[in-house]
Amino acid sequence: MITSIPLTADDETRKAEAMRLKAIYQDRKRHDPSLTQDKIADMCEWAGQSVVSQYLNGRIPLNIGALIKFSNVLDFSLDEVSPRLAAFAEMPRLRHSQGSSQSSRSTDWEMHQIEVWDDETPLGPDEVELPFFKEVELSAGNGSQVRLETNGRKLRFGKRTLKRKSIDPASAGCAPVTGNSMEPVLPDGSTVGVDTANTVVQDGKMYAIDHDGQLRVKLLYRLPGSGLRLRSYNTEEHPDERYDGDYVQQHIRIIGKVFWYSVML
């Protein structure tokens, strides 16, 4: 039998969970005065102390990802704070670390911090959404080009994660990887994060490019005369491509440097 487990909380449940979490925090702080909210935010990789405060006071509803992070830092069982989320965490689709017990103690979850959300879930104060690039056909037979989907799908990132990489969210987007040219590192269907503020080619680094309207992800190398060499990981099926400066100027636009990638196996 499949049991329905609510991932959203009503006001009463949210307040009760926040009160239990705050009580645990206050107890831990009595034993360790150095355990400030700033320190917790840093350990959880959140934007700052205000995020922790909002969770502790119930202004942000707890989700399973935040609860697991708190449990790692404050050392408590998930069901001590939220039986609702603990029950969901015990479902088979969330795997324990290999060799762990069935307990929901924090040590069981250190390798599998999973954030559960959908399109209706509001952004947390430490999150931003990055849009995807797509190939767009131009009117009047003028070919195509790669543009951001301003009203399309988006992928969530933590603000602190981007800040550590010096990525401005306003100058970043995501791109799908299609085909087998970048295997085995980037299989077909992978997603990459692209920093559009970084278009200066560093030899051997990965970039997203607009090649005559085709979205491509390649390793780039500079050639004399402003030319480029495009390299794939799968060099047996996709040998290097070399283009002189005139061709690059007319046909290749560097969208940005890849700073992150996710692989779906």
# chains A, B, ... in the order shown; residues from 1 in each chain; ligands from 1
$ select_by_dssp --residues "range 49-241 of chain A" --states "strand (DSSP E or B)" --output "count of residues only"
54
$ closest_residue --among "A:Pro83, A:Gly48, A:Gly158, A:Gly193" --to "Lys257 in chain A" --atoms "only C-alpha atoms"
A:Gly193
$ closest_residue --among "A:Ser232, A:Ser34, A:Leu130, A:Asp246" --to "Pro184 in chain A" --atoms "only C-alpha atoms"
A:Ser232
$ residues_around --residues "Thr36 in chain A" --least-positions-apart "2" --cutoff "12 Å" --atoms "only C-alpha atoms" --output "list of chain:residue names"
A:Tyr25, A:Gln26, A:Arg28, A:Lys29, A:Arg30, A:His31, A:Asp32, A:Pro33, A:Ser34, A:Asp38, A:Lys39, A:Ile40, A:Ala41, A:Asp42, A:Met43, A:Gly48, A:Gln49, A:Ser50, A:Val52, A:Ser53, A:Val73, A:Leu74
$ write_last_selection --atoms "N, CA and C atoms" --output "short mmCIF file (atom, residue, chain, number, x, y, z; two decimals), in the first residue's frame"
data_model
loop_
_atom_site.label_atom_id
_atom_site.label_comp_id
_atom_site.auth_asym_id
_atom_site.auth_seq_id
_atom_site.Cartn_x
_atom_site.Cartn_y
_atom_site.Cartn_z
N TYR A 25 17.79 23.74 18.94
CA TYR A 25 18.88 24.68 18.73
C TYR A 25 19.29 25.35 20.05
N GLN A 26 18.32 25.81 20.82
CA GLN A 26 18.63 26.48 22.08
C GLN A 26 19.32 25.54 23.06
N ARG A 28 21.26 22.95 22.19
CA ARG A 28 22.63 22.75 21.72
C ARG A 28 23.49 23.97 22.00
N LYS A 29 22.89 25.16 21.88
CA LYS A 29 23.66 26.38 22.10
C LYS A 29 24.03 26.55 23.57
N ARG A 30 23.20 26.06 24.47
CA ARG A 30 23.55 26.11 25.90
C ARG A 30 24.82 25.31 26.18
N HIS A 31 24.98 24.21 25.45
CA HIS A 31 26.17 23.38 25.64
C HIS A 31 27.35 23.88 24.82
N ASP A 32 27.07 24.63 23.76
CA ASP A 32 28.13 25.15 22.91
C ASP A 32 27.78 26.58 22.49
N PRO A 33 28.17 27.56 23.29
CA PRO A 33 27.81 28.95 23.00
C PRO A 33 28.32 29.45 21.65
N SER A 34 29.30 28.80 21.08
CA SER A 34 29.82 29.25 19.78
C SER A 34 28.90 28.88 18.62
N ASP A 38 24.75 32.34 12.52
CA ASP A 38 25.68 32.57 11.42
C ASP A 38 26.50 31.31 11.13
N LYS A 39 26.94 30.64 12.18
CA LYS A 39 27.74 29.44 12.02
C LYS A 39 26.92 28.33 11.37
N ILE A 40 25.65 28.20 11.78
CA ILE A 40 24.78 27.19 11.18
C ILE A 40 24.56 27.49 9.70
N ALA A 41 24.32 28.76 9.38
CA ALA A 41 24.12 29.14 7.98
C ALA A 41 25.33 28.77 7.14
N ASP A 42 26.51 29.00 7.68
CA ASP A 42 27.73 28.68 6.95
C ASP A 42 27.87 27.17 6.76
N MET A 43 27.57 26.39 7.80
CA MET A 43 27.69 24.94 7.71
C MET A 43 26.64 24.35 6.77
N GLY A 48 22.81 33.30 4.70
CA GLY A 48 23.18 34.04 5.90
C GLY A 48 22.30 33.68 7.09
N GLN A 49 22.53 34.37 8.20
CA GLN A 49 21.85 34.10 9.46
C GLN A 49 20.34 34.23 9.35
N SER A 50 19.87 35.12 8.49
CA SER A 50 18.43 35.36 8.39
C SER A 50 17.68 34.12 7.92
N VAL A 52 18.43 30.97 8.67
CA VAL A 52 18.29 30.13 9.86
C VAL A 52 17.19 30.67 10.76
N SER A 53 17.20 31.98 10.99
CA SER A 53 16.19 32.61 11.85
C SER A 53 14.78 32.37 11.33
N VAL A 73 23.83 19.29 11.48
CA VAL A 73 24.54 20.27 12.31
C VAL A 73 24.20 20.11 13.79
N LEU A 74 22.91 19.91 14.09
CA LEU A 74 22.46 19.89 15.49
C LEU A 74 22.33 18.49 16.07
#
$ closest_residue --among "A:Leu230, A:Val200, A:Ala66, A:Val258" --to "Pro176 in chain A" --atoms "only C-alpha atoms"
A:Val258
$ residues_around --residues "range 211-225 of chain A" --least-positions-apart "3" --cutoff "9 Å" --atoms "only C-alpha atoms" --output "ChimeraX atom specification"
/A:133-137,143-146,175-178,181-182,192,201-208,228-233,242-246,248,250-254,258
$ atom_distance --atom1 "CA of Ser71 in chain A" --atom2 "CA of Asp126 in chain A"
18.3 Å
$ atom_distance --atom1 "CA of Phe259 in chain A" --atom2 "CA of Ala47 in chain A"
19.4 Å
$ select_by_dssp --residues "range 189-259 of chain A" --states "helix (DSSP H, G or I)" --output "NGL selection string"
:A and (224-226 or 245-251)
$ closest_residue --among "A:Arg147, A:Lys165, A:Lys154, A:Arg59" --to "Ile255 in chain A" --atoms "only C-alpha atoms"
A:Arg147
$ residues_around --residues "Lys15 in chain A" --least-positions-apart "5" --cutoff "12 Å" --atoms "only C-alpha atoms" --output "number ranges by chain"
A: 9-10, 20-22, 54-62, 81-82
$ write_last_selection --atoms "C-alpha atoms" --output "compact mmCIF listing (two decimals), in the first residue's frame"
# COMPACT_ATOMS: atom_id res chain seq x y z
CA ALA A 9 2.44 21.99 6.11
CA ASP A 10 -0.52 23.96 7.44
CA ARG A 20 10.65 21.88 18.19
CA LEU A 21 13.57 22.86 15.96
CA LYS A 22 14.17 26.07 17.92
CA GLN A 54 13.27 32.29 9.44
CA TYR A 55 13.29 28.51 9.72
CA LEU A 56 13.55 28.62 13.52
CA ASN A 57 10.63 31.05 13.77
CA GLY A 58 8.43 29.30 11.23
CA ARG A 59 8.44 32.07 8.67
CA ILE A 60 9.81 29.58 6.12
CA PRO A 61 8.13 26.14 6.21
CA LEU A 62 10.58 23.32 6.73
CA VAL A 81 11.20 17.82 14.66
CA SER A 82 8.93 16.66 11.84
$ closest_residue --among "A:Phe132, A:Val194, A:Glu237, A:Pro125" --to "Gly179 in chain A" --atoms "only C-alpha atoms"
A:Glu237
$ atom_distance --atom1 "CA of Phe157 in chain A" --atom2 "CA of Asn180 in chain A"
26.3 Å
$ decode --residues "range 121-161 of chain A" --atoms "C-alpha atoms" --output "short mmCIF file (atom, residue, chain, number, x, y, z; two decimals), in the first residue's frame"
data_model
loop_
_atom_site.label_atom_id
_atom_site.label_comp_id
_atom_site.auth_asym_id
_atom_site.auth_seq_id
_atom_site.Cartn_x
_atom_site.Cartn_y
_atom_site.Cartn_z
CA THR A 121 7.13 25.58 -4.44
CA PRO A 122 8.23 29.17 -3.73
CA LEU A 123 11.91 30.00 -3.84
CA GLY A 124 13.66 29.96 -0.48
CA PRO A 125 15.59 33.06 0.60
CA ASP A 126 18.86 31.31 -0.28
CA GLU A 127 17.76 30.18 -3.75
CA VAL A 128 17.70 31.56 -7.27
CA GLU A 129 16.37 30.13 -10.52
CA LEU A 130 18.50 30.01 -13.65
CA PRO A 131 16.78 29.80 -17.05
CA PHE A 132 17.70 27.42 -19.86
CA PHE A 133 19.15 28.25 -23.24
CA LYS A 134 17.39 26.92 -26.32
CA GLU A 135 17.76 27.02 -30.09
CA VAL A 136 15.32 29.52 -31.61
CA GLU A 137 14.34 29.70 -35.29
CA LEU A 138 14.50 33.25 -36.63
CA SER A 139 11.85 34.71 -38.89
CA ALA A 140 12.12 35.30 -42.64
CA GLY A 141 14.48 32.40 -43.16
CA ASN A 142 17.34 34.00 -41.26
CA GLY A 143 18.43 30.78 -39.62
CA SER A 144 18.46 30.27 -35.86
CA GLN A 145 20.30 31.36 -32.74
CA VAL A 146 20.60 30.35 -29.11
CA ARG A 147 18.61 32.37 -26.58
CA LEU A 148 17.53 32.13 -22.97
CA GLU A 149 14.02 30.81 -22.30
CA THR A 150 12.78 33.75 -20.23
CA ASN A 151 9.40 32.12 -19.65
CA GLY A 152 10.51 28.52 -19.87
CA ARG A 153 11.94 25.90 -17.56
CA LYS A 154 14.37 26.85 -14.82
CA LEU A 155 16.80 25.14 -12.46
CA ARG A 156 17.31 26.11 -8.82
CA PHE A 157 20.69 26.95 -7.31
CA GLY A 158 21.76 28.07 -3.85
CA LYS A 159 22.94 31.67 -3.76
CA ARG A 160 25.95 30.72 -1.68
CA THR A 161 26.92 27.98 -4.15
#
